[in-house]
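**Q** Got a structure for you, data01.txt, holding compact mmCIF, C-alpha atoms.
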```txt
# COMPACT_ATOMS: atom_id res chain seq x y z
CA MET B 26 80.93 120.94 135.87
CA PRO B 27 82.23 119.64 132.52
CA THR B 28 79.97 116.98 131.03
CA PRO B 29 80.95 114.41 128.41
CA TRP B 30 78.90 116.28 125.77
CA GLU B 31 80.99 119.42 126.24
CA LYS B 32 84.34 117.74 125.68
CA GLU B 33 86.51 117.60 122.58
CA GLU B 34 86.28 113.79 122.36
CA PHE B 35 82.49 113.90 122.11
CA GLN B 36 82.56 116.73 119.56
CA LYS B 37 84.98 114.78 117.35
CA SER B 38 82.75 111.73 117.59
CA ARG B 39 79.73 113.80 116.52
CA LYS B 40 81.69 115.15 113.57
CA TRP B 41 82.31 111.61 112.28
CA ILE B 42 78.58 110.93 112.57
CA ARG B 43 77.71 114.09 110.63
CA ASP B 44 80.31 113.43 107.92
CA SER B 45 79.16 109.84 107.55
CA LYS B 46 75.50 110.83 107.20
CA SER B 47 76.30 113.58 104.69
CA GLY B 48 78.51 111.31 102.57
CA SER B 49 81.52 113.62 102.93
CA LEU B 50 84.04 111.03 104.08
CA THR B 51 87.12 110.76 101.87
CA PRO B 52 88.45 107.38 100.68
CA ILE B 53 92.25 107.02 100.72
CA PRO B 54 94.06 104.65 98.32
CA CYS B 55 96.24 102.17 100.18
CA ILE B 56 97.88 98.77 100.15
CA GLY B 57 97.40 96.03 102.73
CA VAL B 58 99.34 92.96 103.81
CA TRP B 59 98.19 89.98 105.85
CA MET B 60 100.71 87.51 107.27
CA ASP B 61 98.95 84.50 108.77
CA VAL B 62 100.49 81.72 110.85
CA CYS B 63 98.81 78.61 109.42
CA GLY B 64 98.01 75.75 111.75
CA PHE B 65 97.77 77.85 114.89
CA GLY B 66 94.06 77.09 115.16
CA SER B 67 94.78 73.37 115.26
CA ARG B 68 97.29 73.92 118.05
CA LEU B 69 94.67 75.88 119.98
CA GLU B 70 92.16 73.07 119.47
CA GLU B 71 94.64 70.42 120.60
CA ALA B 72 95.24 72.46 123.76
CA ASN B 73 91.49 72.70 124.41
CA TRP B 74 91.87 76.50 124.25
CA ASN B 75 94.03 76.38 127.37
CA LEU B 76 96.71 79.07 127.22
CA ASP B 77 98.84 77.39 129.88
CA ILE B 78 99.13 74.39 127.57
CA LEU B 79 99.93 76.65 124.59
CA GLN B 80 102.67 78.22 126.65
CA SER B 81 104.13 74.92 127.80
CA ASN B 82 104.27 73.47 124.27
CA GLY B 83 106.05 76.53 122.89
CA THR B 84 103.23 77.89 120.72
CA LEU B 85 102.99 81.20 122.56
CA ASN B 86 106.74 81.54 122.24
CA LEU B 87 106.26 81.15 118.49
CA LEU B 88 103.89 84.13 118.47
CA SER B 89 106.47 86.14 120.38
CA GLU B 90 109.12 85.17 117.81
CA VAL B 91 106.78 86.10 114.95
CA TYR B 92 106.28 89.51 116.54
CA GLN B 93 110.02 89.99 116.94
CA CYS B 94 110.54 88.96 113.31
CA VAL B 95 107.94 91.09 111.49
CA GLY B 96 106.13 93.13 114.15
CA HIS B 97 107.86 96.36 113.20
CA PRO B 98 107.49 98.81 110.30
CA PHE B 99 109.33 98.11 107.05
CA LEU B 100 108.48 101.59 105.77
CA VAL B 101 109.15 104.51 108.12
CA GLY B 102 108.18 108.13 107.54
CA VAL B 103 106.11 111.07 108.78
CA GLU B 104 103.36 113.00 107.02
CA PRO B 105 103.17 113.69 104.16
CA GLN B 106 105.62 110.83 103.50
CA PRO B 107 104.18 107.31 103.47
CA PHE B 108 104.65 105.02 106.45
CA GLU B 109 103.47 101.61 107.51
CA ASN B 110 100.93 100.92 110.23
CA ILE B 111 100.80 97.46 111.82
CA LEU B 112 98.04 95.67 113.70
CA ILE B 113 98.72 92.40 115.54
CA LEU B 114 95.71 90.04 115.62
CA ASN B 115 96.66 86.95 117.63
CA ASP B 116 98.32 84.64 115.04
CA GLY B 117 98.32 87.16 112.19
CA ILE B 118 99.92 90.50 111.36
CA ALA B 119 98.14 93.14 109.30
CA ARG B 120 100.04 95.95 107.61
CA THR B 121 98.87 98.95 105.61
CA VAL B 122 100.36 101.98 103.83
CA ASP B 123 98.46 104.99 102.49
CA PHE B 124 99.06 105.89 98.83
CA HIS B 125 97.34 109.27 98.56
CA ASN B 126 100.58 111.30 98.43
CA THR B 127 102.57 109.32 95.87
CA GLN B 128 104.62 112.40 94.97
CA TYR B 129 106.33 112.01 98.35
CA ILE B 130 107.05 108.28 97.88
CA HIS B 131 110.64 107.70 96.84
CA ALA B 132 110.76 104.93 94.24
CA VAL B 133 113.88 103.24 95.60
CA GLN B 134 112.45 103.22 99.12
CA ALA B 135 109.21 101.69 97.78
CA ILE B 136 111.13 98.94 95.97
CA PHE B 137 113.09 98.12 99.10
CA TYR B 138 109.78 97.96 100.96
CA ILE B 139 108.54 95.22 98.63
CA ARG B 140 111.86 93.40 98.99
CA ASP B 141 111.57 93.61 102.79
CA LEU B 142 108.05 92.13 102.68
CA VAL B 143 109.49 89.22 100.70
CA LEU B 144 112.33 88.76 103.20
CA GLY B 145 109.86 89.01 106.10
CA HIS B 146 107.84 86.18 104.58
CA LEU B 147 111.02 84.14 104.09
CA HIS B 148 111.94 84.58 107.75
CA LEU B 149 108.45 83.48 108.78
CA LEU B 150 108.74 80.41 106.52
CA ARG B 151 111.85 79.31 108.38
CA LEU B 152 110.45 80.16 111.80
CA THR B 153 107.07 78.46 111.40
CA ASN B 154 108.69 75.43 109.76
CA PHE B 155 110.85 75.00 112.85
CA HIS B 156 107.63 74.84 114.90
CA ASP B 157 105.98 72.44 112.38
CA LEU B 158 103.54 75.12 111.24
CA GLY B 159 103.29 77.31 108.14
CA VAL B 160 102.60 80.82 106.95
CA ARG B 161 100.64 82.50 104.18
CA THR B 162 101.36 86.09 103.11
CA VAL B 163 99.02 88.11 100.90
CA LEU B 164 99.65 91.60 99.46
CA ALA B 165 96.72 93.59 98.06
CA GLY B 166 95.68 97.05 96.97
CA GLY B 167 92.51 98.94 97.78
CA GLU B 168 91.35 101.93 99.75
CA ARG B 169 90.29 102.83 103.25
CA ILE B 170 87.88 105.28 104.77
CA GLN B 171 87.68 106.44 108.36
CA TYR B 172 84.09 106.68 109.58
CA SER B 173 84.38 106.88 113.37
CA ALA B 174 86.62 107.90 116.24
CA GLU B 175 89.70 105.87 117.08
CA THR B 176 89.32 105.95 120.87
CA PHE B 177 86.69 106.11 123.61
CA THR B 178 88.05 107.29 126.96
CA GLY B 179 86.64 108.25 130.31
CA ASN B 180 86.10 111.73 128.91
CA SER B 181 83.02 110.35 127.15
CA ILE B 182 81.69 108.96 130.43
CA LEU B 183 82.56 111.19 133.37
CA SER B 184 81.12 114.51 134.50
CA HIS B 185 83.50 116.09 136.98
CA ASN B 186 84.66 119.20 138.72
CA GLU B 187 87.60 121.18 137.33
CA ILE B 188 89.89 119.01 139.45
CA PRO B 189 88.45 115.46 139.49
CA ALA B 190 89.08 112.96 142.26
CA GLU B 191 91.91 110.44 141.91
CA TRP B 192 89.56 107.75 140.57
CA GLY B 193 88.16 110.24 138.08
CA GLU B 194 91.63 111.22 136.87
CA LYS B 195 92.42 107.57 136.17
CA LEU B 196 89.11 107.12 134.35
CA LEU B 197 89.72 110.16 132.16
CA LYS B 198 93.06 108.68 131.04
CA LYS B 199 91.63 105.22 130.39
CA ASN B 200 90.95 104.25 126.76
CA PHE B 201 88.33 101.54 126.18
CA LEU B 202 88.42 101.37 122.38
CA TYR B 203 91.10 100.48 119.82
CA ASN B 204 89.83 101.43 116.37
CA PRO B 205 92.85 102.62 114.36
CA ALA B 206 91.91 104.90 111.48
CA GLU B 207 94.21 103.10 109.06
CA PHE B 208 92.26 99.85 109.43
CA GLN B 209 88.74 101.28 109.39
CA MET B 210 86.95 99.89 106.31
CA ASN B 211 90.27 99.01 104.69
CA THR B 212 89.46 97.07 101.51
CA ALA B 213 93.13 96.30 100.81
CA PHE B 214 93.42 94.47 104.12
CA ALA B 215 90.00 92.88 103.56
CA LYS B 216 91.16 91.53 100.18
CA ALA B 217 94.35 90.10 101.63
CA TYR B 218 92.45 88.52 104.51
CA SER B 219 89.83 87.06 102.12
CA VAL B 220 92.45 85.43 99.91
CA ASP B 221 94.00 83.86 102.99
CA ALA B 222 90.60 82.78 104.33
CA ASN B 223 89.81 80.96 101.06
CA GLY B 224 93.07 79.10 101.58
CA THR B 225 94.27 75.86 100.07
CA SER B 226 90.85 74.85 98.73
CA ALA B 227 90.95 77.91 96.45
CA GLY B 228 94.53 77.21 95.34
CA PHE B 229 96.26 79.51 97.83
CA ASN B 230 98.53 77.00 99.49
CA VAL B 231 100.14 77.19 102.90
CA ASN B 232 103.60 78.79 102.76
CA GLY B 233 102.59 80.72 99.67
CA PHE B 234 103.36 84.38 98.92
CA PHE B 235 100.51 85.99 96.97
CA ILE B 236 100.01 89.40 95.38
CA GLU B 237 96.65 90.80 94.28
CA GLN B 238 96.54 92.87 91.07
CA MET B 239 95.72 96.26 92.61
CA PHE B 240 98.85 96.08 94.75
CA PHE B 241 100.83 96.51 91.53
CA ASP B 242 98.48 99.26 90.37
CA ARG B 243 99.17 101.25 93.53
CA PHE B 244 102.94 101.01 93.12
CA ALA B 245 102.68 101.88 89.43
CA SER B 246 101.43 105.32 90.51
CA ILE B 247 104.87 106.07 92.01
CA PRO B 248 107.13 108.11 89.70
CA TYR B 249 109.83 106.03 87.90
CA ILE B 250 108.18 102.68 88.74
CA THR B 251 106.64 100.52 85.99
CA PHE B 252 105.68 96.86 85.66
CA THR B 253 106.00 94.41 82.79
CA PHE B 254 103.91 91.23 82.99
CA THR B 255 105.07 88.10 81.12
CA GLU B 256 103.84 84.51 81.22
CA THR B 257 106.42 83.55 83.81
CA SER B 258 107.32 86.70 85.73
CA ILE B 259 106.46 90.24 86.73
CA GLN B 260 109.26 92.73 86.21
CA LEU B 261 109.34 95.79 88.45
CA LYS B 262 111.34 98.47 86.67
CA TYR B 263 112.97 101.56 88.07
CA LYS B 264 113.70 104.16 85.38
CA ASP B 265 113.15 101.45 82.74
CA ASN B 266 115.74 99.10 84.32
CA ILE B 267 114.66 95.89 86.06
CA ALA B 268 114.94 96.24 89.84
CA LEU B 269 112.95 93.19 90.98
CA GLU B 270 111.70 90.21 89.01
CA LEU B 271 108.91 88.20 90.61
CA TYR B 272 108.59 84.69 89.19
CA VAL B 273 104.98 83.52 89.02
CA ASN B 274 103.89 79.95 89.73
CA ILE B 275 100.18 80.72 90.22
CA ASN B 276 97.96 83.11 88.25
CA LYS B 277 94.35 82.87 89.42
CA TYR B 278 91.25 84.87 88.65
CA PHE B 279 89.76 85.39 92.12
CA THR B 280 86.05 86.02 92.60
CA TYR B 281 84.67 86.48 96.08
CA LYS B 282 81.52 88.29 97.24
CA GLY B 283 81.56 90.79 94.40
CA LEU B 284 85.34 91.07 94.26
CA ASN B 285 86.83 90.23 90.86
CA THR B 286 90.60 90.37 90.57
CA HIS B 287 93.78 88.45 89.73
CA VAL B 288 96.04 86.93 92.36
CA TYR B 289 99.61 85.90 91.58
CA GLY B 290 101.59 83.32 93.52
CA ILE B 291 105.28 84.18 93.69
CA SER B 292 107.84 81.37 93.85
CA THR B 293 111.09 83.32 93.54
CA VAL B 294 112.19 86.94 93.66
CA ARG B 295 115.28 88.17 91.86
CA VAL B 296 116.93 91.43 92.86
CA ASP B 297 118.67 92.68 89.73
CA LYS B 298 122.37 93.51 89.77
CA THR B 299 121.73 96.94 88.23
CA PHE B 300 119.58 97.89 91.22
CA GLU B 301 121.51 96.60 94.21
CA GLY B 302 125.03 96.03 92.89
CA GLU B 303 124.77 92.26 92.79
CA GLU B 304 122.11 89.78 91.81
CA THR B 305 120.22 88.17 94.68
CA ILE B 306 117.84 85.22 94.34
CA ILE B 307 115.20 84.77 97.06
CA ASP B 308 113.59 81.32 96.84
CA LEU B 309 110.12 81.23 98.43
CA VAL B 310 109.29 77.61 97.66
CA TYR B 311 110.03 76.12 101.04
CA ASP B 312 110.02 72.40 101.71
CA LYS B 313 109.14 71.31 105.24
CA LYS B 314 111.93 69.66 107.18
```
Written as structure tokens, how would this file's structure read?
**A**
Amino acid sequence: MPTPWEKEEFQKSRKWIRDSKSGSLTPIPCIGVWMDVCGFGSRLEEANWNLDILQSNGTLNLLSEVYQCVGHPFLVGVEPQPFENILILNDGIARTVDFHNTQYIHAVQAIFYIRDLVLGHLHLLRLTNFHDLGVRTVLAGGERIQYSAETFTGNSILSHNEIPAEWGEKLLKKNFLYNPAEFQMNTAFAKAYSVDANGTSAGFNVNGFFIEQMFFDRFASIPYITFTFTETSIQLKYKDNIALELYVNINKYFTYKGLNTHVYGISTVRVDKTFEGEETIIDLVYDKK
């Protein structure tokens, strides 16, 4: 009779325990993005945490529209190419991309990824404004490290004969844990979330688009991509030609629980004519209706 301790799921779980104790886990450089619908908590409070009320006043429909707008990958690939993983957390969307195989990251694709993050934020500005709410988007760089299994199914619970009963078959297929590897101890996501959590009182205003310094450092590791920082803008260059120019309206030294970094607020993004064939200006300073 197979027991949980004899199964592959248990053995994998034990391996994570051994690797963690021996200090043999491997950090992976990555970037993280946090897109937060601002004001949702107040709506929940006004509804006395009643989801029927949230549905009747259109707030749940807003979350559905947010998902339809940005709840899909902006960077698609398969190993060893980079790709984006997304985690939906109620009124926020977390995104992350591994940067350990930068030789497989195509520079043009990476630049378009940044542009698409900007456009995603712009779409959320318009959408949340329509619902009298706001949004804050934060991009950051860091690393992640997987330290435990991603799932916990009935295989870790049930001892059974070679052919289990119908209830047992259902239990074996049932997963009780969602612990995606890409978000386990992800400091890039943690940075982005922390900037957002400090919010307006720290100078990170609602409807702002913010980029933490290490985000640029990660992209600078991609062949043919360089950055030039001036007092008013950050120029992303592809083969020494400007591809994107990010105009800065906030430059803050951010200190939080041992974290010391710079965070830039971006007011406008210019896509250069030499990169996309025509110049495009994306204005991110959005006035409420």
**Q** Is there a way to get, as a ChimeraX atom specification, all residues within 6 Å of the point (99.9, 101.9, 102.3) in file coordinates, counting all atoms listed in the file?
**A** /B:55-56,121-124
**Q** Kindly save the residues from that selection, with C-alpha atoms included, as a CSV table (one decimal), keeping the file's coordinate frame.
**A**
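The resulting file, out26.csv, is reproduced below:
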```csv
chain,number,residue,atom,x,y,z
B,55,CYS,CA,96.2,102.2,100.2
B,56,ILE,CA,97.9,98.8,100.2
B,121,THR,CA,98.9,99.0,105.6
B,122,VAL,CA,100.4,102.0,103.8
B,123,ASP,CA,98.5,105.0,102.5
B,124,PHE,CA,99.1,105.9,98.8
```
**Q** Using Å and a single decimal, report how far atom CA of Asn82 of chain B sits from atom CA of Val160 of chain B.
**A**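 So the two atoms, atom CA of Val160 of chain B and atom CA of Asn82 of chain B, lie 18.9 Å apart.
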**Q** As an exercise, work out the distance from atom CA of Ile182 of chain B to atom CA of Lys46 of chain B in Å and give it to one decimal place.
**A**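 Separating atom CA of Ile182 of chain B from atom CA of Lys46 of chain B is a distance of 24.1 Å.
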**Q** Once you count all atoms listed in the file, which residues end up no further than 12 Å from (104.8, 89.4, 110.2) in the file's frame, shown as a PDB file with C-alpha atoms, in the frame of the given file?
**A**
```pdb
ATOM      1  CA  VAL B  58      99.340  92.960 103.810  1.00  0.00           C
ATOM      2  CA  TRP B  59      98.190  89.980 105.850  1.00  0.00           C
ATOM      3  CA  MET B  60     100.710  87.510 107.270  1.00  0.00           C
ATOM      4  CA  ASP B  61      98.950  84.500 108.770  1.00  0.00           C
ATOM      5  CA  VAL B  62     100.490  81.720 110.850  1.00  0.00           C
ATOM      6  CA  LEU B  87     106.260  81.150 118.490  1.00  0.00           C
ATOM      7  CA  LEU B  88     103.890  84.130 118.470  1.00  0.00           C
ATOM      8  CA  SER B  89     106.470  86.140 120.380  1.00  0.00           C
ATOM      9  CA  GLU B  90     109.120  85.170 117.810  1.00  0.00           C
ATOM     10  CA  VAL B  91     106.780  86.100 114.950  1.00  0.00           C
ATOM     11  CA  TYR B  92     106.280  89.510 116.540  1.00  0.00           C
ATOM     12  CA  GLN B  93     110.020  89.990 116.940  1.00  0.00           C
ATOM     13  CA  CYS B  94     110.540  88.960 113.310  1.00  0.00           C
ATOM     14  CA  VAL B  95     107.940  91.090 111.490  1.00  0.00           C
ATOM     15  CA  GLY B  96     106.130  93.130 114.150  1.00  0.00           C
ATOM     16  CA  HIS B  97     107.860  96.360 113.200  1.00  0.00           C
ATOM     17  CA  PRO B  98     107.490  98.810 110.300  1.00  0.00           C
ATOM     18  CA  PHE B  99     109.330  98.110 107.050  1.00  0.00           C
ATOM     19  CA  ILE B 111     100.800  97.460 111.820  1.00  0.00           C
ATOM     20  CA  LEU B 112      98.040  95.670 113.700  1.00  0.00           C
ATOM     21  CA  ILE B 113      98.720  92.400 115.540  1.00  0.00           C
ATOM     22  CA  LEU B 114      95.710  90.040 115.620  1.00  0.00           C
ATOM     23  CA  ASN B 115      96.660  86.950 117.630  1.00  0.00           C
ATOM     24  CA  ASP B 116      98.320  84.640 115.040  1.00  0.00           C
ATOM     25  CA  GLY B 117      98.320  87.160 112.190  1.00  0.00           C
ATOM     26  CA  ILE B 118      99.920  90.500 111.360  1.00  0.00           C
ATOM     27  CA  ALA B 119      98.140  93.140 109.300  1.00  0.00           C
ATOM     28  CA  ARG B 120     100.040  95.950 107.610  1.00  0.00           C
ATOM     29  CA  ASP B 141     111.570  93.610 102.790  1.00  0.00           C
ATOM     30  CA  LEU B 142     108.050  92.130 102.680  1.00  0.00           C
ATOM     31  CA  VAL B 143     109.490  89.220 100.700  1.00  0.00           C
ATOM     32  CA  LEU B 144     112.330  88.760 103.200  1.00  0.00           C
ATOM     33  CA  GLY B 145     109.860  89.010 106.100  1.00  0.00           C
ATOM     34  CA  HIS B 146     107.840  86.180 104.580  1.00  0.00           C
ATOM     35  CA  LEU B 147     111.020  84.140 104.090  1.00  0.00           C
ATOM     36  CA  HIS B 148     111.940  84.580 107.750  1.00  0.00           C
ATOM     37  CA  LEU B 149     108.450  83.480 108.780  1.00  0.00           C
ATOM     38  CA  LEU B 150     108.740  80.410 106.520  1.00  0.00           C
ATOM     39  CA  LEU B 152     110.450  80.160 111.800  1.00  0.00           C
ATOM     40  CA  THR B 153     107.070  78.460 111.400  1.00  0.00           C
ATOM     41  CA  VAL B 160     102.600  80.820 106.950  1.00  0.00           C
ATOM     42  CA  ARG B 161     100.640  82.500 104.180  1.00  0.00           C
ATOM     43  CA  THR B 162     101.360  86.090 103.110  1.00  0.00           C
ATOM     44  CA  VAL B 163      99.020  88.110 100.900  1.00  0.00           C
TER      45      VAL B 163
END
```
**Q** Pick out the closest residue to Ala227 of chain B from this set: B:Thr178, B:Ser173, B:Thr299, B:Asn276. Count all atoms listed in the file.
**A**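 Residue with the minimum atom-to-atom distance to Ala227 of chain B: B:Asn276.
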**Q** Between B:Arg295, B:Lys32, B:Arg43, B:His287, single out the one closest to Leu271 of chain B, counting only C-alpha atoms.
**A** B:Arg295
**Q** Using only C-alpha atoms, what does the table of segment 215-291 of chain B residues within 10 Å of segment 306-312 of chain B look like, with each row giving the shortest atom pair and its distance in Å to one decimal, sorted by chain and ascending number, as a tab-separated table?
**A**
```
residue	atom	partner	partner_atom	distance
B:Asn232	CA	B:Tyr311	CA	7.2
B:Gly233	CA	B:Leu309	CA	7.6
B:Phe234	CA	B:Leu309	CA	7.5
B:Leu269	CA	B:Ile306	CA	9.9
B:Glu270	CA	B:Ile306	CA	9.5
B:Leu271	CA	B:Ile307	CA	9.6
B:Tyr272	CA	B:Asp308	CA	9.7
B:Asn274	CA	B:Val310	CA	9.9
B:Ile291	CA	B:Leu309	CA	7.4
```
**Q** Grab the atom CA of Phe201 of chain B to atom CA of Trp30 of chain B distance for me, in Å with one decimal place.
**A**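 Here the two named atoms are 17.5 Å from each other.
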**Q** Let me have the centre and edge lengths in Å, one decimal, of the box along x, y and z around every listed atom of segment 291-297 of chain B with 6 Å of margin on each side, as JSON.
**A**
```
{"center_x": 112.0, "center_y": 87.0, "center_z": 91.8, "size_x": 25.4, "size_y": 23.3, "size_z": 16.1}
```
**Q** Go through B:Gly159, B:Gly66, B:Gly283, B:Pro54 one by one, measure the shortest atom-to-atom distance of each to Ser219 of chain B using only C-alpha atoms, and give the residue with the smallest value.
**A**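 When distances to Ser219 of chain B are compared using only C-alpha atoms, the smallest one comes from B:Gly283.
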**Q** Quick one: of B:Ala165, B:Glu207, B:Ala72, B:Ile188, who's nearest to Phe108 of chain B, counting only C-alpha atoms?
**A**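 Ranking B:Ala165, B:Glu207, B:Ala72, B:Ile188 by distance to Phe108 of chain B, first place goes to B:Glu207.
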**Q** Any chance you could turn segment 179-188 of chain B into a file with all heavy atoms, as a compact mmCIF listing (two decimals), in the first residue's frame?
**A**
```txt
# COMPACT_ATOMS: atom_id res chain seq x y z
N GLY B 179 -3.38 15.59 -2.33
CA GLY B 179 -3.79 14.41 -1.57
C GLY B 179 -2.74 13.33 -1.53
O GLY B 179 -2.80 12.43 -0.67
N ASN B 180 -1.76 13.39 -2.42
CA ASN B 180 -0.68 12.40 -2.39
C ASN B 180 0.14 12.50 -1.11
O ASN B 180 0.79 11.53 -0.71
CB ASN B 180 0.24 12.60 -3.59
CG ASN B 180 -0.35 12.04 -4.87
OD1 ASN B 180 -0.35 10.84 -5.09
ND2 ASN B 180 -0.89 12.94 -5.69
N SER B 181 0.13 13.66 -0.46
CA SER B 181 0.85 13.83 0.79
C SER B 181 -0.01 13.48 2.00
O SER B 181 0.43 13.65 3.14
CB SER B 181 1.35 15.28 0.91
OG SER B 181 2.33 15.56 -0.05
N ILE B 182 -1.21 12.99 1.75
CA ILE B 182 -2.15 12.69 2.83
C ILE B 182 -2.58 11.23 2.85
O ILE B 182 -2.62 10.59 3.90
CB ILE B 182 -3.42 13.58 2.71
CG1 ILE B 182 -3.03 15.06 2.76
CG2 ILE B 182 -4.45 13.23 3.77
CD1 ILE B 182 -4.18 15.99 2.43
N LEU B 183 -2.85 10.69 1.65
CA LEU B 183 -3.58 9.42 1.55
C LEU B 183 -2.66 8.23 1.34
O LEU B 183 -1.79 8.24 0.47
CB LEU B 183 -4.57 9.52 0.39
CG LEU B 183 -5.47 8.31 0.16
CD1 LEU B 183 -6.45 8.15 1.33
CD2 LEU B 183 -6.23 8.45 -1.16
N SER B 184 -2.87 7.19 2.15
CA SER B 184 -2.34 5.86 1.87
C SER B 184 -3.44 5.07 1.18
O SER B 184 -4.60 5.15 1.57
CB SER B 184 -1.94 5.16 3.17
OG SER B 184 -0.88 5.83 3.82
N HIS B 185 -3.10 4.34 0.13
CA HIS B 185 -4.16 3.70 -0.65
C HIS B 185 -3.64 2.45 -1.34
O HIS B 185 -2.42 2.22 -1.45
CB HIS B 185 -4.71 4.69 -1.69
CG HIS B 185 -3.66 5.20 -2.63
ND1 HIS B 185 -3.30 4.55 -3.78
CD2 HIS B 185 -2.88 6.31 -2.56
CE1 HIS B 185 -2.35 5.24 -4.40
NE2 HIS B 185 -2.07 6.31 -3.68
N ASN B 186 -4.58 1.66 -1.80
CA ASN B 186 -4.23 0.51 -2.62
C ASN B 186 -3.79 0.99 -4.00
O ASN B 186 -3.87 2.17 -4.33
CB ASN B 186 -5.44 -0.43 -2.74
CG ASN B 186 -5.82 -1.03 -1.41
OD1 ASN B 186 -4.96 -1.38 -0.61
ND2 ASN B 186 -7.13 -1.13 -1.16
N GLU B 187 -3.32 0.05 -4.83
CA GLU B 187 -2.88 0.43 -6.18
C GLU B 187 -3.97 1.15 -6.94
O GLU B 187 -3.73 2.06 -7.71
CB GLU B 187 -2.40 -0.81 -6.94
CG GLU B 187 -1.13 -1.42 -6.38
CD GLU B 187 0.03 -0.45 -6.40
OE1 GLU B 187 0.13 0.34 -7.35
OE2 GLU B 187 0.84 -0.48 -5.46
N ILE B 188 -5.22 0.72 -6.75
CA ILE B 188 -6.36 1.39 -7.37
C ILE B 188 -7.22 1.95 -6.24
O ILE B 188 -7.99 1.21 -5.61
CB ILE B 188 -7.18 0.42 -8.25
CG1 ILE B 188 -6.29 -0.21 -9.32
CG2 ILE B 188 -8.38 1.16 -8.86
CD1 ILE B 188 -7.00 -1.22 -10.20
```
